file run-v5.cif (mmCIF, C-alpha atoms)
data_my_file
loop_
_atom_site.label_atom_id
_atom_site.label_comp_id
_atom_site.auth_asym_id
_atom_site.auth_seq_id
_atom_site.Cartn_x
_atom_site.Cartn_y
_atom_site.Cartn_z
CA MET A 202 0.00 0.00 0.00
CA LEU A 203 2.72 2.47 0.94
CA PRO A 204 4.69 2.15 -2.33
CA TYR A 205 1.45 2.76 -4.24
CA LYS A 206 0.68 5.83 -2.07
CA ILE A 207 4.14 7.22 -2.81
CA TRP A 208 3.68 6.51 -6.51
CA LEU A 209 0.36 8.40 -6.51
CA GLU A 210 2.04 11.39 -4.84
CA THR A 211 4.91 11.57 -7.33
CA ARG A 212 3.49 10.13 -10.55
CA TRP A 213 2.88 13.51 -12.24
CA ARG A 214 6.43 14.63 -11.52
CA PHE A 215 7.60 11.40 -13.12
CA PHE A 216 5.35 11.67 -16.18
CA VAL A 217 6.20 15.33 -16.78
CA GLY A 218 9.90 14.58 -16.31
CA MET A 219 9.77 11.70 -18.77
CA ALA A 220 7.96 13.79 -21.36
CA VAL A 221 10.39 16.70 -21.00
CA LEU A 222 13.50 14.53 -21.18
CA LEU A 223 12.20 12.56 -24.16
CA CYS A 224 11.30 15.74 -26.04
CA SER A 225 14.69 17.25 -25.20
CA THR A 226 16.47 14.17 -26.57
CA ALA A 227 14.40 14.10 -29.75
CA GLY A 228 14.92 17.84 -30.22
CA ILE A 229 18.71 17.47 -30.04
CA ILE A 230 18.61 14.73 -32.67
CA TYR A 231 16.68 16.84 -35.16
CA GLN A 232 18.82 19.94 -34.48
CA TYR A 233 21.94 18.22 -35.80
CA PRO A 234 21.29 18.52 -39.58
CA ARG A 235 20.51 22.22 -39.22
CA LEU A 236 23.67 22.78 -37.20
CA MET A 237 25.75 21.05 -39.85
CA GLN A 238 24.25 23.29 -42.51
CA LEU A 239 25.00 26.39 -40.46
CA MET A 240 28.58 25.29 -39.81
CA ARG A 241 29.16 24.68 -43.54
CA ASP A 242 27.86 28.17 -44.36
CA MET A 243 29.68 29.94 -41.54
CA PRO A 244 32.98 31.59 -42.45
CA ALA A 245 36.09 30.68 -40.47
CA ILE A 246 36.59 32.98 -37.48
CA GLN A 247 39.78 33.21 -35.48
CA MET A 248 39.15 34.08 -31.85
CA GLY A 249 41.78 34.58 -29.19
CA GLY A 250 41.78 34.09 -25.44
CA GLU A 251 40.20 31.44 -23.24
CA ILE A 252 36.66 32.15 -24.46
CA GLY A 253 37.75 31.80 -28.07
CA ARG A 254 39.51 28.54 -27.31
CA ARG A 255 36.40 27.13 -25.68
CA ILE A 256 34.18 28.17 -28.58
CA GLU A 257 36.54 26.60 -31.11
CA GLU A 258 36.73 23.41 -29.06
CA ALA A 259 32.93 23.24 -28.79
CA LEU A 260 32.55 23.74 -32.53
CA GLU A 261 35.13 21.07 -33.28
CA VAL A 262 33.43 18.56 -30.97
CA SER A 263 30.04 19.30 -32.52
CA ARG A 264 31.23 18.54 -36.06
CA HIS A 265 30.69 14.86 -35.33
CA TYR A 266 27.31 13.45 -34.35
CA ARG A 267 28.52 11.66 -31.22
CA GLY A 268 30.32 14.81 -30.06
CA PHE A 269 27.28 16.96 -30.73
CA VAL A 270 25.03 14.60 -28.77
CA TRP A 271 27.46 14.52 -25.86
CA SER A 272 28.05 18.29 -25.68
CA GLN A 273 24.43 19.34 -26.14
CA LEU A 274 22.47 16.48 -24.58
CA PHE A 275 24.47 14.63 -21.95
CA GLN A 276 26.67 17.51 -20.84
CA LYS A 277 23.87 20.10 -20.83
CA ASN A 278 20.21 19.24 -21.38
CA LEU A 279 19.89 15.86 -19.68
CA ALA A 280 22.31 16.78 -16.91
CA GLN A 281 20.49 20.02 -16.06
CA LEU A 282 16.92 18.84 -16.56
CA GLY A 283 17.70 15.45 -15.03
CA THR A 284 19.06 17.09 -11.88
CA LEU A 285 15.90 19.17 -11.62
CA PHE A 286 13.58 16.16 -11.85
CA ALA A 287 15.73 14.03 -9.54
CA ILE A 288 15.34 16.77 -6.93
CA LEU A 289 11.60 17.05 -7.58
CA LEU A 290 11.18 13.29 -7.09
CA GLY A 291 13.06 13.44 -3.80
CA THR A 292 11.15 16.42 -2.43
CA GLY A 293 8.22 15.98 -0.06
CA GLY A 294 6.22 12.88 0.72
CA LEU A 295 7.24 12.36 4.37
CA LEU A 296 6.31 15.51 6.31
CA SER A 297 4.46 17.65 3.77
CA ARG A 298 0.74 18.13 3.19
CA GLY A 299 -0.15 16.86 6.65
CA GLY A 300 0.57 13.28 5.61
CA ALA A 301 3.02 12.61 8.41
CA LEU A 302 0.36 11.46 10.92
CA PHE A 303 -1.16 8.98 8.47
CA THR A 304 2.27 7.70 7.43
CA LEU A 305 3.44 7.27 11.01
CA SER A 306 0.25 5.36 11.90
CA LEU A 307 1.20 2.55 9.55
CA PRO A 308 2.62 -0.63 11.18
CA VAL A 309 6.19 -0.12 9.90
CA THR A 310 9.26 1.50 11.39
CA ARG A 311 10.24 5.02 10.44
CA ARG A 312 13.47 3.80 8.91
CA HIS A 313 11.50 1.37 6.76
CA LEU A 314 9.24 4.22 5.64
CA VAL A 315 12.23 6.17 4.40
CA ALA A 316 13.61 3.04 2.71
CA ILE A 317 10.34 2.50 0.83
CA ARG A 318 10.19 6.19 -0.15
CA ALA A 319 13.76 5.97 -1.43
CA ARG A 320 13.19 2.76 -3.39
CA VAL A 321 10.13 4.11 -5.20
CA GLY A 322 11.81 7.41 -6.01
CA LEU A 323 15.05 5.81 -7.17
CA ALA A 324 13.12 3.42 -9.41
CA GLN A 325 11.42 6.42 -11.02
CA TRP A 326 14.72 8.26 -11.36
CA LEU A 327 16.34 5.18 -12.92
CA ALA A 328 13.65 5.16 -15.59
CA LEU A 329 14.10 8.89 -16.22
CA ALA A 330 17.87 8.51 -16.53
CA MET A 331 17.97 5.40 -18.73
CA ILE A 332 14.98 5.60 -21.08
CA PRO A 333 15.56 9.00 -22.81
CA PRO A 334 19.15 8.12 -23.90
CA LEU A 335 17.76 5.00 -25.60
CA VAL A 336 15.81 7.29 -27.94
CA LEU A 337 19.15 8.07 -29.63
CA PRO A 338 19.74 4.69 -31.32
CA LEU A 339 16.05 4.53 -32.25
CA PHE A 340 15.65 7.97 -33.86
CA SER A 341 19.15 8.76 -35.15
CA PRO A 342 18.62 6.79 -38.41
CA ALA A 343 15.85 9.27 -39.24
CA ILE A 344 18.56 11.90 -39.91
CA GLY A 345 21.00 9.46 -41.48
CA GLU A 346 23.10 8.93 -38.34
CA THR A 347 23.68 6.09 -35.90
CA TYR A 348 24.28 6.03 -32.18
CA SER A 349 25.47 3.10 -30.10
CA VAL A 350 23.18 1.49 -27.53
CA VAL A 351 26.26 0.91 -25.36
CA ASN A 352 27.06 4.64 -25.39
CA SER A 353 23.46 5.46 -24.52
CA LEU A 354 23.45 3.07 -21.57
CA ALA A 355 26.86 4.27 -20.33
CA HIS A 356 25.83 7.92 -20.33
CA GLY A 357 22.46 7.07 -18.80
CA PHE A 358 24.25 5.16 -16.03
CA CYS A 359 26.47 8.18 -15.26
CA LEU A 360 23.40 10.41 -15.22
CA PHE A 361 21.58 8.06 -12.84
CA VAL A 362 24.42 7.56 -10.35
CA VAL A 363 25.28 11.25 -9.96
CA GLY A 364 21.64 12.35 -10.11
CA THR A 365 20.99 10.03 -7.18
CA VAL A 366 23.14 12.36 -5.05
CA PHE A 367 20.72 15.22 -5.64
CA TYR A 368 17.69 12.96 -5.17
CA SER A 369 19.11 11.81 -1.83
CA LEU A 370 19.88 15.37 -0.77
CA ALA A 371 16.30 16.42 -1.52
CA LEU A 372 14.98 13.45 0.45
CA LEU A 373 17.19 14.31 3.42
CA LEU A 374 16.03 17.92 3.35
CA SER A 375 12.43 16.68 3.20
CA THR A 376 12.94 15.05 6.60
CA VAL A 377 14.13 18.40 7.98
CA PHE A 378 11.51 20.78 6.56
CA SER A 379 7.77 20.18 6.52
CA ASP A 380 7.13 22.15 3.31
CA GLN A 381 8.21 21.26 -0.23
CA TRP A 382 9.72 24.59 -1.28
CA ARG A 383 12.69 24.82 1.05
CA PRO A 384 14.06 21.33 0.21
CA LEU A 385 13.55 22.07 -3.48
CA LEU A 386 15.25 25.48 -3.43
CA ILE A 387 18.14 24.41 -1.19
CA ALA A 388 18.86 21.32 -3.29
CA LEU A 389 18.74 23.38 -6.50
CA LEU A 390 21.12 25.91 -4.97
CA VAL A 391 23.55 23.16 -3.98
CA ALA A 392 23.35 21.65 -7.48
CA THR A 393 24.05 25.06 -9.04
CA VAL A 394 27.04 25.74 -6.80
CA MET A 395 28.47 22.27 -7.43
CA GLY A 396 28.18 22.85 -11.17
CA LEU A 397 30.12 26.11 -11.14
CA PRO A 398 33.65 24.60 -11.11
CA ALA A 399 32.91 22.72 -14.32
CA GLU A 400 31.80 25.95 -15.99
CA LEU A 401 34.74 28.02 -14.75
CA ALA A 402 37.64 25.60 -15.27
CA SER A 403 37.35 23.17 -18.14
CA SER A 404 40.74 21.61 -17.38
CA TYR A 405 39.37 19.52 -14.51
CA ALA A 406 35.65 19.71 -15.27
CA ARG A 407 35.45 15.98 -16.00
CA TYR A 408 36.40 15.23 -12.37
CA THR A 409 33.57 17.26 -10.83
CA LEU A 410 30.14 15.80 -10.10
CA SER A 411 28.69 17.58 -13.13
CA GLY A 412 31.56 16.28 -15.27
CA VAL A 413 30.98 12.72 -14.08
CA MET A 414 27.24 13.12 -14.69
CA GLY A 415 27.90 14.22 -18.28
CA GLY A 416 30.23 11.26 -18.85
CA GLU A 417 33.09 13.33 -20.28
CA THR A 418 35.68 10.68 -19.38
CA PHE A 419 33.65 8.03 -21.19
CA PHE A 420 33.21 10.29 -24.21
CA ARG A 421 36.91 11.04 -24.52
CA THR A 422 38.47 7.73 -23.43
CA GLY A 423 35.75 5.09 -23.61
CA GLN A 424 36.22 4.34 -19.90
CA LEU A 425 33.58 4.95 -17.27
CA PRO A 426 34.67 7.36 -14.49
CA TRP A 427 34.55 4.67 -11.84
CA LEU A 428 36.14 6.74 -9.07
CA GLY A 429 33.65 9.57 -9.55
CA LEU A 430 30.77 7.09 -9.73
CA LEU A 431 31.88 5.35 -6.53
CA VAL A 432 32.23 8.69 -4.73
CA SER A 433 28.75 9.67 -5.94
CA ALA A 434 27.29 6.37 -4.77
CA GLY A 435 28.95 6.82 -1.38
CA LEU A 436 27.55 10.34 -1.04
CA SER A 437 24.08 9.09 -1.94
CA ALA A 438 24.26 6.27 0.59
CA ALA A 439 25.40 8.69 3.32
CA LEU A 440 22.60 11.15 2.53
CA LEU A 441 19.95 8.41 2.51
CA TYR A 442 21.26 7.05 5.80
CA GLY A 443 21.13 10.56 7.23
CA ALA A 444 17.54 10.91 6.03
CA ALA A 445 16.57 7.64 7.76
CA LEU A 446 18.27 8.65 11.02
CA ASN A 447 16.78 12.13 11.01
CA PHE A 448 13.25 10.87 10.32
CA GLU A 449 13.64 8.19 12.98
CA ARG A 450 14.62 10.79 15.60
CA ARG A 451 11.97 13.38 14.72
CA ASP A 452 9.58 14.27 17.52
CA PHE A 453 6.06 14.55 16.10
#
call {"tool": "encode", "arguments": {"input": "run-v5.cif", "output": "C-alpha cells"}}
result
Amino acid sequence: MLPYKIWLETRWRFFVGMAVLLCSTAGIIYQYPRLMQLMRDMPAIQMGGEIGRRIEEALEVSRHYRGFVWSQLFQKNLAQLGTLFAILLGTGGLLSRGGALFTLSLPVTRRHLVAIRARVGLAQWLALAMIPPLVLPLFSPAIGETYSVVNSLAHGFCLFVVGTVFYSLALLLSTVFSDQWRPLLIALLVATVMGLPAELASSYARYTLSGVMGGETFFRTGQLPWLGLLVSAGLSAALLYGAALNFERRDF
C-alpha cells in the first residue's frame, strides 16, 4: 500500500519529467542537420583568449554526431533537466501536506518508511535517466546517423548515479523541513554551486560531479569514471542514511 501511495504522490512529476527529457532528446537529434548546414555556411573565425579557445573546441566537438550529442544532450540538457527532476522526485512525501500522521500510523518502522520512499523514487529516477538516452539509437537513423546502444546506456548510467546524489539530498532535506519549497530550493542551490567549477575551469571539469554526470571521461576515453561514480554512490548512501536517522529521531 505504501509504495502505491508514494507513486500516486509523485506520478505527475515522473510523467512530466519523462515527457520533458524525451522531447529534449528528440529535439537534439533533429537539431543536428541544421547545425551542420549552419557550420558549412559559416565563415572561419579566429578568436583569441580562453573564451575563443572554448568556442573553437565546442565547434570542433560538434562537427561529429557523437560529439554533438554529448556536448548538447548529456553535458547540458539531460544533466540540467535530469538534476531538476531528480530533486523534484526526492522532495516531499514524508512531512508535507499533513501526511506525516497517516504515514506514522502505519505498522512499519520510520526507517523502513524512508527506505520504501527511497526505493520508489530511485526506481522512477532510474527510468528517467535510462529511457531517454535509448531514444538516440532509435531515432538517429531518421537523420541518417547512428548512435550506439552501449554509449546510450553508459551515459544514462552516469546520469543516474550522480543524479541520485541530488535525489538523496532532496529526500534528506524533506525530513528536515515540513514544506516542499525549502528542500527544493536548497537542493537546487547546492546543485548550481556544485556545477560552477565545471563551468569556470574546463581543465578539470570531468572530475567534478557535473563532469561525471555528463560522462566526459567516457566520451573522450571510452572508460567509465569509476572513481567519480563510486564517490557519488557513497555520497548518496550517506545522505539516505542521514535521512533515515533524522526521520527516525523526529519528535512529532
call {"tool": "atom_distance", "arguments": {"input": "run-v5.cif", "atom1": "CA of Leu446 (chain A)", "atom2": "CA of Arg312 (chain A)"}}
result
7.1 Å
call {"tool": "closest_residue", "arguments": {"input": "run-v5.cif", "among": "A:Gly283, A:Val336, A:Leu203, A:Ile288", "to": "Arg320 (chain A)", "atoms": "all atoms listed in the file"}}
result
A:Leu203
call {"tool": "closest_residue", "arguments": {"input": "run-v5.cif", "among": "A:Leu354, A:Ala280, A:Ala343, A:Leu386", "to": "Tyr231 (chain A)", "atoms": "all atoms listed in the file"}}
result
A:Ala343
call {"tool": "residues_near_point", "arguments": {"input": "run-v5.cif", "point": "(32.5, 6.9, -7.7)", "cutoff": "12 Å", "atoms": "only C-alpha atoms", "output": "PyMOL selection string"}}
result
chain A and resi 358-359+362-363+365-366+408-410+413-414+425-438
call {"tool": "residues_around", "arguments": {"input": "run-v5.cif", "residues": "Ala392 (chain A)", "least_positions_apart": "2", "cutoff": "9 Å", "atoms": "all atoms listed in the file", "output": "list in words"}}
result
Thr284, Leu285, Phe367, Ile387, Ala388, Leu389, Leu390, Val394, Met395, Gly396, Leu397 and Ser411 of chain A
call {"tool": "atom_distance", "arguments": {"input": "run-v5.cif", "atom1": "CA of Leu440 (chain A)", "atom2": "CA of Leu370 (chain A)"}}
result
6.0 Å
call {"tool": "atom_distance", "arguments": {"input": "run-v5.cif", "atom1": "CA of Leu223 (chain A)", "atom2": "CA of Tyr348 (chain A)"}}
result
15.9 Å
call {"tool": "closest_residue", "arguments": {"input": "run-v5.cif", "among": "A:Thr292, A:Thr211, A:Asn447, A:Asn352", "to": "Leu385 (chain A)", "atoms": "only C-alpha atoms"}}
result
A:Thr292
call {"tool": "residues_around", "arguments": {"input": "run-v5.cif", "residues": "Pro338 (chain A)", "least_positions_apart": "5", "cutoff": "9 Å", "atoms": "only C-alpha atoms", "output": "list in words"}}
result
Glu346, Thr347, Tyr348, Ser349, Val350 and Ser353 of chain A
call {"tool": "write_last_selection", "arguments": {"input": "run-v5.cif", "atoms": "C-alpha atoms", "output": "CSV table (one decimal), in the coordinates of the input"}}
result
chain,number,residue,atom,x,y,z
A,346,GLU,CA,23.1,8.9,-38.3
A,347,THR,CA,23.7,6.1,-35.9
A,348,TYR,CA,24.3,6.0,-32.2
A,349,SER,CA,25.5,3.1,-30.1
A,350,VAL,CA,23.2,1.5,-27.5
A,353,SER,CA,23.5,5.5,-24.5
call {"tool": "closest_residue", "arguments": {"input": "run-v5.cif", "among": "A:Ala444, A:Leu335, A:Leu323, A:Met202", "to": "Ser375 (chain A)", "atoms": "all atoms listed in the file"}}
result
A:Ala444
call {"tool": "resolve_selection", "arguments": {"input": "run-v5.cif", "expression": "the PyMOL selection byres ((chain A and resi 286) around 9)", "output": "mmCIF file with C-alpha atoms, in the coordinates of the input"}}
result
data_model
loop_
_atom_site.group_PDB
_atom_site.id
_atom_site.type_symbol
_atom_site.label_atom_id
_atom_site.label_comp_id
_atom_site.auth_asym_id
_atom_site.auth_seq_id
_atom_site.Cartn_x
_atom_site.Cartn_y
_atom_site.Cartn_z
ATOM 1 C CA ARG A 214 6.430 14.630 -11.520
ATOM 2 C CA PHE A 215 7.600 11.400 -13.120
ATOM 3 C CA VAL A 217 6.200 15.330 -16.780
ATOM 4 C CA GLY A 218 9.900 14.580 -16.310
ATOM 5 C CA GLN A 281 20.490 20.020 -16.060
ATOM 6 C CA LEU A 282 16.920 18.840 -16.560
ATOM 7 C CA GLY A 283 17.700 15.450 -15.030
ATOM 8 C CA THR A 284 19.060 17.090 -11.880
ATOM 9 C CA LEU A 285 15.900 19.170 -11.620
ATOM 10 C CA ALA A 287 15.730 14.030 -9.540
ATOM 11 C CA ILE A 288 15.340 16.770 -6.930
ATOM 12 C CA LEU A 289 11.600 17.050 -7.580
ATOM 13 C CA LEU A 290 11.180 13.290 -7.090
ATOM 14 C CA GLY A 291 13.060 13.440 -3.800
ATOM 15 C CA TRP A 326 14.720 8.260 -11.360
ATOM 16 C CA LEU A 329 14.100 8.890 -16.220
ATOM 17 C CA TYR A 368 17.690 12.960 -5.170
#
